[in-house]
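run.json follows (JSON, C-alpha atoms):
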```json
[["chain", "number", "residue", "atom", "x", "y", "z"],
["A", 24, "MET", "CA", 12.83, -6.58, 4.41],
["A", 25, "ALA", "CA", 15.63, -6.38, 1.84],
["A", 26, "PRO", "CA", 14.20, -6.28, -1.71],
["A", 27, "ASN", "CA", 17.05, -8.42, -3.05],
["A", 28, "LEU", "CA", 15.91, -11.33, -0.87],
["A", 29, "VAL", "CA", 12.32, -11.55, -2.12],
["A", 30, "SER", "CA", 10.65, -12.34, -5.44],
["A", 31, "ALA", "CA", 9.28, -9.65, -7.74],
["A", 32, "TYR", "CA", 5.73, -10.63, -6.76],
["A", 33, "ARG", "CA", 6.39, -10.25, -3.04],
["A", 34, "LEU", "CA", 8.19, -6.99, -3.71],
["A", 35, "GLU", "CA", 5.03, -5.68, -5.37],
["A", 36, "LEU", "CA", 3.08, -6.75, -2.28],
["A", 37, "LEU", "CA", 5.52, -4.94, 0.00],
["A", 38, "THR", "CA", 5.16, -1.77, -2.05],
["A", 39, "ILE", "CA", 1.36, -1.96, -1.91],
["A", 40, "PHE", "CA", 1.65, -2.58, 1.83],
["A", 41, "LEU", "CA", 3.62, 0.66, 2.24],
["A", 42, "ILE", "CA", 1.04, 2.60, 0.22],
["A", 43, "ASN", "CA", -1.72, 1.14, 2.39],
["A", 44, "VAL", "CA", 0.16, 2.22, 5.52],
["A", 45, "ILE", "CA", 0.15, 5.83, 4.28],
["A", 46, "LEU", "CA", -3.57, 5.59, 3.50],
["A", 47, "ALA", "CA", -4.50, 4.01, 6.85],
["A", 48, "GLN", "CA", -2.45, 6.51, 8.84],
["A", 49, "SER", "CA", -4.12, 9.39, 7.01],
["A", 50, "TYR", "CA", -7.52, 7.87, 7.81],
["A", 51, "ARG", "CA", -6.56, 7.51, 11.46],
["A", 52, "LEU", "CA", -5.70, 11.21, 11.53],
["A", 53, "MET", "CA", -9.29, 12.04, 10.59],
["A", 54, "ALA", "CA", -10.62, 9.55, 13.14],
["A", 55, "THR", "CA", -8.87, 11.43, 15.96],
["A", 56, "THR", "CA", -11.74, 13.95, 15.88],
["A", 57, "GLY", "CA", -14.29, 11.12, 15.88],
["A", 58, "ASP", "CA", -15.11, 11.50, 12.18],
["A", 59, "TRP", "CA", -15.16, 8.18, 10.30],
["A", 60, "THR", "CA", -15.88, 8.67, 6.63],
["A", 61, "LEU", "CA", -16.86, 6.55, 3.65],
["A", 62, "CYS", "CA", -15.08, 8.71, 1.09],
["A", 63, "HIS", "CA", -11.41, 8.33, 2.01],
["A", 64, "TYR", "CA", -10.70, 5.87, -0.80],
["A", 65, "ILE", "CA", -12.24, 8.40, -3.18],
["A", 66, "LEU", "CA", -9.74, 10.99, -1.95],
["A", 67, "MET", "CA", -7.01, 8.48, -2.70],
["A", 68, "GLY", "CA", -8.58, 8.15, -6.15],
["A", 69, "VAL", "CA", -8.46, 11.92, -6.63],
["A", 70, "GLY", "CA", -4.70, 11.78, -6.06],
["A", 71, "ALA", "CA", -4.39, 8.85, -8.45],
["A", 72, "TYR", "CA", -6.45, 10.50, -11.20],
["A", 73, "ALA", "CA", -4.60, 13.79, -10.80],
["A", 74, "THR", "CA", -1.35, 11.86, -11.20],
["A", 75, "GLY", "CA", -2.60, 10.07, -14.30],
["A", 76, "ILE", "CA", -3.80, 13.28, -15.95],
["A", 77, "LEU", "CA", -0.70, 15.31, -15.10],
["A", 78, "ALA", "CA", 1.82, 12.57, -15.89],
["A", 79, "LYS", "CA", 0.26, 11.13, -19.06],
["A", 80, "MET", "CA", -1.73, 13.96, -20.61],
["A", 81, "ALA", "CA", 0.37, 16.93, -19.48],
["A", 82, "GLY", "CA", 3.67, 15.03, -19.56],
["A", 83, "LEU", "CA", 4.92, 16.57, -16.32],
["A", 84, "PRO", "CA", 7.78, 15.02, -14.30],
["A", 85, "PHE", "CA", 7.02, 13.25, -11.04],
["A", 86, "TYR", "CA", 8.55, 15.97, -8.85],
["A", 87, "LEU", "CA", 5.81, 18.30, -10.10],
["A", 88, "VAL", "CA", 3.07, 15.71, -10.46],
["A", 89, "MET", "CA", 3.15, 14.30, -6.94],
["A", 90, "PRO", "CA", 2.93, 17.57, -4.97],
["A", 91, "MET", "CA", 0.30, 18.89, -7.39],
["A", 92, "ALA", "CA", -1.74, 15.70, -6.96],
["A", 93, "CYS", "CA", -1.57, 16.08, -3.17],
["A", 94, "VAL", "CA", -2.68, 19.72, -3.37],
["A", 95, "VAL", "CA", -5.56, 18.86, -5.72],
["A", 96, "THR", "CA", -6.70, 16.18, -3.28],
["A", 97, "MET", "CA", -6.48, 18.65, -0.40],
["A", 98, "ILE", "CA", -8.66, 21.13, -2.33],
["A", 99, "VAL", "CA", -11.25, 18.42, -3.02],
["A", 100, "SER", "CA", -11.07, 17.48, 0.67],
["A", 101, "LEU", "CA", -11.86, 21.10, 1.54],
["A", 102, "LEU", "CA", -14.87, 21.05, -0.79],
["A", 103, "PHE", "CA", -16.04, 17.86, 0.96],
["A", 104, "ALA", "CA", -15.29, 19.12, 4.47],
["A", 105, "ILE", "CA", -17.26, 22.38, 4.29],
["A", 106, "PRO", "CA", -20.71, 20.74, 3.95],
["A", 107, "LEU", "CA", -19.73, 17.66, 5.99],
["A", 108, "SER", "CA", -18.67, 19.82, 8.93],
["A", 109, "ARG", "CA", -22.35, 20.67, 9.41],
["A", 110, "THR", "CA", -23.15, 17.02, 10.16],
["A", 111, "LEU", "CA", -22.21, 14.59, 12.92],
["A", 112, "GLY", "CA", -22.16, 10.86, 13.54],
["A", 113, "PHE", "CA", -24.26, 8.70, 11.24],
["A", 114, "ALA", "CA", -25.31, 11.68, 9.11],
["A", 115, "PHE", "CA", -21.64, 12.54, 8.54],
["A", 116, "PHE", "CA", -20.92, 8.91, 7.64],
["A", 117, "ILE", "CA", -23.71, 8.69, 5.05],
["A", 118, "ALA", "CA", -23.12, 12.18, 3.63],
["A", 119, "SER", "CA", -19.45, 11.34, 3.05],
["A", 120, "PHE", "CA", -20.54, 8.22, 1.15],
["A", 121, "ALA", "CA", -22.87, 10.31, -1.05],
["A", 122, "LEU", "CA", -20.13, 12.82, -1.89],
["A", 123, "GLY", "CA", -17.67, 10.04, -2.67],
["A", 124, "GLU", "CA", -20.11, 8.23, -4.94],
["A", 125, "PHE", "CA", -20.83, 11.48, -6.77],
["A", 126, "VAL", "CA", -17.13, 11.88, -7.58],
["A", 127, "ARG", "CA", -16.82, 8.23, -8.61],
["A", 128, "HIS", "CA", -19.74, 8.59, -11.03],
["A", 129, "VAL", "CA", -18.13, 11.70, -12.52],
["A", 130, "TRP", "CA", -15.10, 9.52, -13.28],
["A", 131, "LEU", "CA", -17.38, 6.89, -14.82],
["A", 132, "LYS", "CA", -19.42, 9.24, -17.01],
["A", 133, "PHE", "CA", -16.78, 11.60, -18.38],
["A", 134, "HIS", "CA", -14.43, 10.05, -20.91],
["A", 135, "TYR", "CA", -12.31, 13.19, -21.02],
["A", 136, "PRO", "CA", -10.19, 13.61, -19.02],
["A", 137, "PHE", "CA", -11.02, 10.66, -16.75],
["A", 138, "GLY", "CA", -11.30, 7.91, -19.36],
["A", 139, "GLY", "CA", -14.80, 6.82, -18.35],
["A", 140, "ALA", "CA", -15.22, 3.25, -17.12],
["A", 141, "ARG", "CA", -11.89, 2.26, -18.69],
["A", 142, "GLY", "CA", -10.01, 4.87, -16.71],
["A", 143, "ILE", "CA", -6.52, 6.11, -17.52],
["A", 144, "ASN", "CA", -4.03, 3.57, -18.86],
["A", 145, "GLY", "CA", -0.36, 3.80, -19.71],
["A", 146, "ILE", "CA", 0.67, 6.14, -16.90],
["A", 147, "PRO", "CA", 4.42, 6.57, -17.45],
["A", 148, "LYS", "CA", 6.80, 5.12, -14.90],
["A", 149, "LEU", "CA", 8.95, 7.35, -12.76],
["A", 150, "GLU", "CA", 12.40, 8.29, -13.99],
["A", 151, "ILE", "CA", 15.14, 10.38, -12.44],
["A", 152, "GLY", "CA", 17.56, 11.74, -15.04],
["A", 153, "GLN", "CA", 18.08, 10.49, -18.58],
["A", 154, "GLY", "CA", 19.42, 7.14, -19.72],
["A", 155, "GLY", "CA", 23.22, 7.06, -19.63],
["A", 156, "GLU", "CA", 23.59, 9.75, -16.99],
["A", 157, "TRP", "CA", 25.32, 8.74, -13.76],
["A", 158, "TYR", "CA", 22.34, 9.68, -11.59],
["A", 159, "PHE", "CA", 19.74, 7.97, -13.80],
["A", 160, "ILE", "CA", 17.26, 5.84, -11.83],
["A", 161, "ASP", "CA", 14.76, 3.69, -13.70],
["A", 162, "PHE", "CA", 11.64, 2.93, -11.67],
["A", 163, "TRP", "CA", 10.60, 0.17, -14.03],
["A", 164, "ASP", "CA", 12.84, -1.78, -11.65],
["A", 165, "SER", "CA", 10.44, -2.70, -8.84],
["A", 166, "ARG", "CA", 13.26, -2.57, -6.29],
["A", 167, "ASN", "CA", 13.86, 1.11, -7.03],
["A", 168, "PHE", "CA", 10.17, 1.92, -6.73],
["A", 169, "TYR", "CA", 10.00, 0.00, -3.45],
["A", 170, "TYR", "CA", 12.77, 2.18, -2.00],
["A", 171, "PHE", "CA", 11.08, 5.28, -3.42],
["A", 172, "THR", "CA", 7.79, 4.36, -1.72],
["A", 173, "LEU", "CA", 9.60, 3.45, 1.49],
["A", 174, "VAL", "CA", 11.09, 6.95, 1.68],
["A", 175, "PHE", "CA", 7.66, 8.58, 1.34],
["A", 176, "THR", "CA", 6.16, 6.16, 3.86],
["A", 177, "ILE", "CA", 8.81, 7.02, 6.44],
["A", 178, "LEU", "CA", 8.36, 10.75, 5.79],
["A", 179, "THR", "CA", 4.59, 10.38, 6.20],
["A", 180, "LEU", "CA", 4.96, 8.46, 9.46],
["A", 181, "VAL", "CA", 7.40, 11.04, 10.85],
["A", 182, "ILE", "CA", 5.18, 14.00, 9.91],
["A", 183, "LEU", "CA", 1.97, 12.42, 11.19],
["A", 184, "PHE", "CA", 3.69, 11.26, 14.38],
["A", 185, "ARG", "CA", 4.88, 14.81, 15.03],
["A", 186, "ILE", "CA", 1.36, 16.11, 14.41],
["A", 187, "ASP", "CA", -0.08, 13.45, 16.71],
["A", 188, "ARG", "CA", 2.24, 14.52, 19.54],
["A", 189, "SER", "CA", 1.80, 18.24, 18.93],
["A", 190, "ARG", "CA", -0.57, 20.74, 20.49],
["A", 191, "LEU", "CA", -2.60, 20.65, 17.28],
["A", 192, "GLY", "CA", -2.96, 16.88, 17.59],
["A", 193, "ASP", "CA", -4.09, 17.22, 21.20],
["A", 194, "THR", "CA", -6.67, 19.78, 20.09],
["A", 195, "TRP", "CA", -8.12, 17.38, 17.53],
["A", 196, "LYS", "CA", -8.23, 14.54, 20.08],
["A", 197, "SER", "CA", -10.04, 16.75, 22.58],
["A", 198, "ILE", "CA", -12.86, 17.21, 20.05],
["A", 199, "TYR", "CA", -13.41, 13.46, 20.03],
["A", 200, "THR", "CA", -13.20, 13.25, 23.84],
["A", 201, "ASP", "CA", -15.73, 16.02, 24.53],
["A", 202, "ARG", "CA", -16.94, 18.25, 21.71],
["A", 203, "GLU", "CA", -18.97, 20.59, 23.91],
["A", 204, "LEU", "CA", -16.14, 21.04, 26.42],
["A", 205, "SER", "CA", -13.75, 21.80, 23.55],
["A", 206, "GLU", "CA", -16.07, 24.53, 22.30],
["A", 207, "SER", "CA", -16.43, 25.95, 25.80],
["A", 208, "ILE", "CA", -12.66, 26.47, 26.14],
["A", 209, "GLY", "CA", -12.45, 28.33, 22.84],
["A", 210, "ILE", "CA", -11.63, 25.61, 20.30],
["A", 211, "ASP", "CA", -13.24, 26.23, 16.91],
["A", 212, "VAL", "CA", -14.55, 22.70, 16.37],
["A", 213, "THR", "CA", -15.83, 23.30, 12.83],
["A", 214, "LYS", "CA", -12.57, 24.85, 11.69],
["A", 215, "SER", "CA", -10.57, 22.05, 13.32],
["A", 216, "ARG", "CA", -12.66, 19.34, 11.64],
["A", 217, "ILE", "CA", -12.20, 21.01, 8.26],
["A", 218, "MET", "CA", -8.46, 21.32, 8.84],
["A", 219, "VAL", "CA", -7.98, 17.67, 9.81],
["A", 220, "PHE", "CA", -10.04, 16.61, 6.78],
["A", 221, "CYS", "CA", -7.74, 18.59, 4.48],
["A", 222, "VAL", "CA", -4.49, 17.35, 6.04],
["A", 223, "SER", "CA", -5.78, 13.78, 5.95],
["A", 224, "GLY", "CA", -6.78, 14.26, 2.30],
["A", 225, "PHE", "CA", -3.30, 15.51, 1.42],
["A", 226, "PHE", "CA", -1.73, 12.22, 2.52],
["A", 227, "ALA", "CA", -4.52, 10.18, 0.94],
["A", 228, "GLY", "CA", -3.60, 11.96, -2.30],
["A", 229, "LEU", "CA", 0.03, 10.98, -1.79],
["A", 230, "ALA", "CA", -1.01, 7.33, -1.42],
["A", 231, "GLY", "CA", -3.10, 7.63, -4.60],
["A", 232, "SER", "CA", -0.24, 9.19, -6.53],
["A", 233, "LEU", "CA", 2.12, 6.38, -5.53],
["A", 234, "LEU", "CA", -0.52, 3.79, -6.44],
["A", 235, "ALA", "CA", -1.00, 5.31, -9.90],
["A", 236, "TYR", "CA", 2.73, 5.15, -10.58],
["A", 237, "GLN", "CA", 2.89, 1.65, -9.13],
["A", 238, "ILE", "CA", 0.17, -0.02, -11.22],
["A", 239, "GLY", "CA", 0.36, 2.26, -14.28],
["A", 240, "SER", "CA", -3.41, 2.41, -14.81],
["A", 241, "ILE", "CA", -6.45, 3.45, -12.80],
["A", 242, "ASP", "CA", -10.21, 3.26, -13.19],
["A", 243, "PRO", "CA", -13.24, 4.02, -10.98],
["A", 244, "HIS", "CA", -13.49, 0.39, -9.89],
["A", 245, "ASN", "CA", -10.15, 0.70, -8.07],
["A", 246, "PHE", "CA", -11.83, 3.02, -5.57],
["A", 247, "GLY", "CA", -15.15, 1.36, -4.81],
["A", 248, "MET", "CA", -16.98, 0.54, -1.59],
["A", 249, "VAL", "CA", -15.24, -2.82, -1.12],
["A", 250, "GLU", "CA", -11.86, -1.11, -0.94],
["A", 251, "MET", "CA", -13.27, 1.48, 1.49],
["A", 252, "VAL", "CA", -14.58, -1.29, 3.76],
["A", 253, "TYR", "CA", -11.13, -2.91, 3.77],
["A", 254, "LEU", "CA", -9.66, 0.41, 4.94],
["A", 255, "ILE", "CA", -12.17, 0.59, 7.79],
["A", 256, "ILE", "CA", -11.36, -3.02, 8.73],
["A", 257, "TRP", "CA", -7.63, -2.20, 8.90],
["A", 258, "CYS", "CA", -8.34, 0.62, 11.34],
["A", 259, "VAL", "CA", -10.87, -1.34, 13.42],
["A", 260, "VAL", "CA", -8.59, -4.38, 13.68],
["A", 261, "GLY", "CA", -5.50, -2.34, 14.52],
["A", 262, "GLY", "CA", -7.25, 0.41, 16.45],
["A", 263, "VAL", "CA", -6.98, 4.18, 16.12],
["A", 264, "LYS", "CA", -6.41, 5.28, 19.70],
["A", 265, "THR", "CA", -2.62, 5.13, 19.37],
["A", 266, "PHE", "CA", -0.49, 6.15, 16.41],
["A", 267, "TRP", "CA", 0.66, 2.61, 15.60],
["A", 268, "GLY", "CA", -2.78, 1.00, 15.53],
["A", 269, "PRO", "CA", -3.43, 1.37, 11.77],
["A", 270, "LEU", "CA", 0.01, 0.00, 10.94],
["A", 271, "ILE", "CA", -0.74, -3.08, 13.07],
["A", 272, "GLY", "CA", -4.09, -3.43, 11.32],
["A", 273, "VAL", "CA", -2.66, -3.16, 7.80],
["A", 274, "LEU", "CA", 0.11, -5.65, 8.62],
["A", 275, "SER", "CA", -2.15, -8.26, 10.22],
["A", 276, "MET", "CA", -4.89, -8.02, 7.59],
["A", 277, "SER", "CA", -2.38, -8.06, 4.72],
["A", 278, "ILE", "CA", -1.01, -11.34, 6.07],
["A", 279, "ILE", "CA", -4.52, -12.78, 6.35],
["A", 280, "PHE", "CA", -5.33, -11.50, 2.85],
["A", 281, "GLU", "CA", -2.41, -13.41, 1.36],
["A", 282, "LEU", "CA", -3.01, -16.57, 3.40],
["A", 283, "THR", "CA", -6.63, -16.67, 2.20],
["A", 284, "ARG", "CA", -5.80, -16.10, -1.48],
["A", 285, "PRO", "CA", -6.93, -19.67, -2.39],
["A", 286, "LEU", "CA", -10.28, -18.80, -0.76],
["A", 287, "ALA", "CA", -10.72, -15.51, -2.61],
["A", 288, "GLU", "CA", -14.48, -15.91, -3.12],
["A", 289, "TRP", "CA", -14.96, -16.42, 0.63],
["A", 290, "ARG", "CA", -12.67, -13.56, 1.64],
["A", 291, "PRO", "CA", -15.37, -10.83, 1.93],
["A", 292, "ALA", "CA", -17.39, -13.05, 4.27],
["A", 293, "LEU", "CA", -14.28, -13.84, 6.32],
["A", 294, "PHE", "CA", -13.30, -10.20, 6.61],
["A", 295, "GLY", "CA", -16.87, -9.30, 7.58],
["A", 296, "LEU", "CA", -16.73, -11.92, 10.34],
["A", 297, "ILE", "CA", -13.39, -10.55, 11.54],
["A", 298, "LEU", "CA", -14.86, -7.04, 11.65],
["A", 299, "ILE", "CA", -17.85, -8.19, 13.73],
["A", 300, "LEU", "CA", -15.65, -10.17, 16.14],
["A", 301, "PHE", "CA", -13.38, -7.21, 16.75],
["A", 302, "LEU", "CA", -16.28, -4.78, 17.23],
["A", 303, "VAL", "CA", -17.82, -7.13, 19.81],
["A", 304, "LEU", "CA", -14.81, -8.71, 21.54],
["A", 305, "LEU", "CA", -11.98, -6.22, 21.07],
["A", 306, "PRO", "CA", -13.48, -2.83, 20.09],
["A", 307, "GLY", "CA", -10.20, -1.04, 20.74],
["A", 308, "GLY", "CA", -8.35, -3.18, 18.19],
["A", 309, "LEU", "CA", -5.14, -5.18, 18.51],
["A", 310, "GLU", "CA", -3.35, -2.19, 20.00],
["A", 311, "THR", "CA", -5.39, -2.70, 23.19],
["A", 312, "LEU", "CA", -4.72, -6.45, 23.39],
["A", 313, "PRO", "CA", -1.66, -6.24, 25.73],
["A", 314, "ALA", "CA", -3.65, -4.10, 28.19],
["A", 315, "ARG", "CA", -6.59, -6.52, 28.01],
["A", 316, "ILE", "CA", -4.26, -9.45, 28.70],
["A", 317, "ARG", "CA", -2.67, -7.66, 31.68],
["A", 318, "GLU", "CA", -6.12, -6.83, 33.00],
["A", 319, "LEU", "CA", -7.20, -10.47, 32.65],
["A", 320, "LEU", "CA", -4.05, -11.75, 34.40],
["A", 321, "HIS", "CA", -4.49, -9.21, 37.19],
["A", 322, "ARG", "CA", -8.12, -10.21, 37.64],
["A", 323, "THR", "CA", -7.19, -13.90, 37.69],
["A", 324, "GLY", "CA", -4.44, -13.28, 40.24],
["A", 325, "THR", "CA", -6.81, -11.26, 42.43],
["A", 326, "GLN", "CA", -9.42, -14.02, 42.35],
["A", 327, "ARG", "CA", -6.81, -16.61, 43.35],
["A", 328, "GLY", "CA", -5.60, -14.36, 46.16],
["A", 329, "THR", "CA", -9.10, -13.90, 47.57],
["A", 330, "GLY", "CA", -9.87, -17.58, 47.06]]
```
What would the structure in this file look like if it were written as structure tokens?
Amino acid sequence: MAPNLVSAYRLELLTIFLINVILAQSYRLMATTGDWTLCHYILMGVGAYATGILAKMAGLPFYLVMPMACVVTMIVSLLFAIPLSRTLGFAFFIASFALGEFVRHVWLKFHYPFGGARGINGIPKLEIGQGGEWYFIDFWDSRNFYYFTLVFTILTLVILFRIDRSRLGDTWKSIYTDRELSESIGIDVTKSRIMVFCVSGFFAGLAGSLLAYQIGSIDPHNFGMVEMVYLIIWCVVGGVKTFWGPLIGVLSMSIIFELTRPLAEWRPALFGLILILFLVLLPGGLETLPARIRELLHRTGTQRGTG
């Protein structure tokens, strides 16, 4: 959608949508091994906090801040992944929640450098060049930041798509399909799970860095359990079996989110109901809907033929 054709408010929504696409796709990458976590929003927060500290306190330019924030998030992901790789299933799910909450409480308790409960405010906006120079780009203009985010979203989709179609991606998927068989053919399952956690964390950090620059302030409440549940809903509604499932989920739930804005106090209940309905009626998400419809039509046609 062309930024010049929409209001500033809707442009902000489009930018947030792109950031959410990066986050959901990074979460889907981790889910390819069968590992669903409750700490992915915290990893996004690590990228956001690293951006706030490096940009505001250290005064570094964005082209240093963003890659450093991604690397910091990947290191934290590694620290999470090492103990988590010793757990499976529900234990993995709960342990990831515990690690995430530990980090969030560190942000809450330490005023320096995390700002405590108030977080980090006044994160400087992106700038390319200096005022008056021919190549100067001011990202206070929301249209410029939209294009900036769009570029990183496209790059993320291309990279993750290539990974998904690569031999490495097939290796990770095989772990979800049959963990014991994967081990029997020589795949190091523990090492692979740690690797996918780190790569997923890198892109979660990118989403967090973009979010910090977008809103200009962050605090621990931006990365709570409600936000994590929304991320899970995006992936459940869209599905994670194919690459495009999370994008479908983010798009559909973002539309519902905006349509239900007048019913904001009822939104958590509505989203909870949507989650239950999809888990029961369409566990594969919207990405499996065309196949389900074809199956239903085929079954109906077969019944008519035999009747």
Taking all atoms listed in the file into account, name the residue in A:Leu77, A:Ile256, A:Ile217, A:Leu37 that is nearest to Pro106 of chain A. A:Ile217
Expected answer as a list in words: all residues with atoms within 12 Å of (-11.3, -15.9, 8.0), all atoms listed in the file: Met276, Ile278, Ile279, Phe280, Glu281, Leu282, Thr283, Arg284, Pro285, Leu286, Ala287, Glu288, Trp289, Arg290, Pro291, Ala292, Leu293, Phe294, Gly295, Leu296, Ile297, Leu298, Ile299 and Leu300 of chain A
In the coordinate frame of the file, compute which residues have an atom within 12 Å of (-7.0, 9.2, -6.4) when using only C-alpha atoms, and state them as a CSV table (one decimal) with C-alpha atoms, keeping the file's coordinate frame.
```csv
chain,number,residue,atom,x,y,z
A,46,LEU,CA,-3.6,5.6,3.5
A,62,CYS,CA,-15.1,8.7,1.1
A,63,HIS,CA,-11.4,8.3,2.0
A,64,TYR,CA,-10.7,5.9,-0.8
A,65,ILE,CA,-12.2,8.4,-3.2
A,66,LEU,CA,-9.7,11.0,-2.0
A,67,MET,CA,-7.0,8.5,-2.7
A,68,GLY,CA,-8.6,8.2,-6.2
A,69,VAL,CA,-8.5,11.9,-6.6
A,70,GLY,CA,-4.7,11.8,-6.1
A,71,ALA,CA,-4.4,8.8,-8.4
A,72,TYR,CA,-6.4,10.5,-11.2
A,73,ALA,CA,-4.6,13.8,-10.8
A,74,THR,CA,-1.4,11.9,-11.2
A,75,GLY,CA,-2.6,10.1,-14.3
A,76,ILE,CA,-3.8,13.3,-16.0
A,89,MET,CA,3.2,14.3,-6.9
A,92,ALA,CA,-1.7,15.7,-7.0
A,93,CYS,CA,-1.6,16.1,-3.2
A,94,VAL,CA,-2.7,19.7,-3.4
A,95,VAL,CA,-5.6,18.9,-5.7
A,96,THR,CA,-6.7,16.2,-3.3
A,97,MET,CA,-6.5,18.6,-0.4
A,99,VAL,CA,-11.2,18.4,-3.0
A,100,SER,CA,-11.1,17.5,0.7
A,123,GLY,CA,-17.7,10.0,-2.7
A,126,VAL,CA,-17.1,11.9,-7.6
A,127,ARG,CA,-16.8,8.2,-8.6
A,130,TRP,CA,-15.1,9.5,-13.3
A,137,PHE,CA,-11.0,10.7,-16.8
A,142,GLY,CA,-10.0,4.9,-16.7
A,143,ILE,CA,-6.5,6.1,-17.5
A,224,GLY,CA,-6.8,14.3,2.3
A,225,PHE,CA,-3.3,15.5,1.4
A,226,PHE,CA,-1.7,12.2,2.5
A,227,ALA,CA,-4.5,10.2,0.9
A,228,GLY,CA,-3.6,12.0,-2.3
A,229,LEU,CA,0.0,11.0,-1.8
A,230,ALA,CA,-1.0,7.3,-1.4
A,231,GLY,CA,-3.1,7.6,-4.6
A,232,SER,CA,-0.2,9.2,-6.5
A,233,LEU,CA,2.1,6.4,-5.5
A,234,LEU,CA,-0.5,3.8,-6.4
A,235,ALA,CA,-1.0,5.3,-9.9
A,236,TYR,CA,2.7,5.2,-10.6
A,240,SER,CA,-3.4,2.4,-14.8
A,241,ILE,CA,-6.4,3.4,-12.8
A,242,ASP,CA,-10.2,3.3,-13.2
A,243,PRO,CA,-13.2,4.0,-11.0
A,244,HIS,CA,-13.5,0.4,-9.9
A,245,ASN,CA,-10.2,0.7,-8.1
A,246,PHE,CA,-11.8,3.0,-5.6
A,247,GLY,CA,-15.2,1.4,-4.8
```
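Atom CA of Asp164 of chain A sits 19.1 Å away from atom CA of Asn144 of chain A.
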From the list A:Tyr253, A:Trp163, A:Phe266, A:Phe175, the nearest residue to Lys196 of chain A using only C-alpha atoms is A:Phe266
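Take atom CA of Ala140 of chain A and atom CA of Leu61 of chain A: the distance between them is 21.1 Å.
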Of the candidates A:Ser197, A:Tyr86, A:Leu36, A:Leu111, which one gets nearest to Thr56 of chain A if we count all atoms listed in the file? A:Ser197
What lies within 8 Å of Ile198 of chain A using only C-alpha atoms, ignoring chain neighbours under 3 positions off, as a PyMOL selection string? chain A and resi 56-57+194-195+201-203+205+212
So that I have them on file, write out the residues from the current selection with C-alpha atoms, as an mmCIF file, keeping the file's coordinate frame.
```cif
data_model
loop_
_atom_site.group_PDB
_atom_site.id
_atom_site.type_symbol
_atom_site.label_atom_id
_atom_site.label_comp_id
_atom_site.auth_asym_id
_atom_site.auth_seq_id
_atom_site.Cartn_x
_atom_site.Cartn_y
_atom_site.Cartn_z
ATOM 1 C CA THR A 56 -11.740 13.950 15.880
ATOM 2 C CA GLY A 57 -14.290 11.120 15.880
ATOM 3 C CA THR A 194 -6.670 19.780 20.090
ATOM 4 C CA TRP A 195 -8.120 17.380 17.530
ATOM 5 C CA ASP A 201 -15.730 16.020 24.530
ATOM 6 C CA ARG A 202 -16.940 18.250 21.710
ATOM 7 C CA GLU A 203 -18.970 20.590 23.910
ATOM 8 C CA SER A 205 -13.750 21.800 23.550
ATOM 9 C CA VAL A 212 -14.550 22.700 16.370
#
```
Could you state the separation of atom CA of Leu122 of chain A and atom CA of Thr265 of chain A in Å, given to one decimal place? 28.6 Å
Ser165 of chain A proximity check over A:Leu178, A:Gln237, A:Ala54, A:Thr213, using only C-alpha atoms: winner is A:Gln237
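Distances from A:Met218, A:Val252, A:Val273, A:Leu312 to Leu102 of chain A were compared using only C-alpha atoms, and the smallest one belongs to A:Met218.
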Nearby residues (all atoms listed in the file) at most 12 Å from Ile177 of chain A, same-chain spacing under 3 positions excluded, as a PyMOL selection string: chain A and resi 41-42+44-45+48+170-174+180-184
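For the choices A:Gly261, A:Gly192, A:Gly307, A:Gly239, the atom-to-atom distance to Leu52 of chain A is smallest for A:Gly192 when using all atoms listed in the file.
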Complete the atoms of segment 32-40 of chain A to N, CA and C atoms and put them out as a short mmCIF file (atom, residue, chain, number, x, y, z; two decimals), keeping the file's coordinate frame.
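Result went into selection_12.cif, see below:
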```cif
data_model
loop_
_atom_site.label_atom_id
_atom_site.label_comp_id
_atom_site.auth_asym_id
_atom_site.auth_seq_id
_atom_site.Cartn_x
_atom_site.Cartn_y
_atom_site.Cartn_z
N TYR A 32 7.13 -10.65 -7.20
CA TYR A 32 5.73 -10.63 -6.76
C TYR A 32 5.61 -10.13 -5.33
N ARG A 33 6.45 -10.66 -4.45
CA ARG A 33 6.39 -10.25 -3.04
C ARG A 33 6.86 -8.80 -2.88
N LEU A 34 7.75 -8.38 -3.76
CA LEU A 34 8.19 -6.99 -3.71
C LEU A 34 7.04 -6.04 -4.07
N GLU A 35 6.22 -6.46 -5.03
CA GLU A 35 5.03 -5.68 -5.37
C GLU A 35 4.08 -5.60 -4.17
N LEU A 36 3.94 -6.73 -3.46
CA LEU A 36 3.08 -6.75 -2.28
C LEU A 36 3.61 -5.83 -1.19
N LEU A 37 4.92 -5.82 -1.01
CA LEU A 37 5.52 -4.94 0.00
C LEU A 37 5.29 -3.47 -0.34
N THR A 38 5.39 -3.16 -1.62
CA THR A 38 5.16 -1.77 -2.05
C THR A 38 3.72 -1.36 -1.81
N ILE A 39 2.78 -2.24 -2.16
CA ILE A 39 1.36 -1.96 -1.91
C ILE A 39 1.10 -1.83 -0.41
N PHE A 40 1.78 -2.67 0.38
CA PHE A 40 1.65 -2.58 1.83
C PHE A 40 2.05 -1.19 2.33
#
```
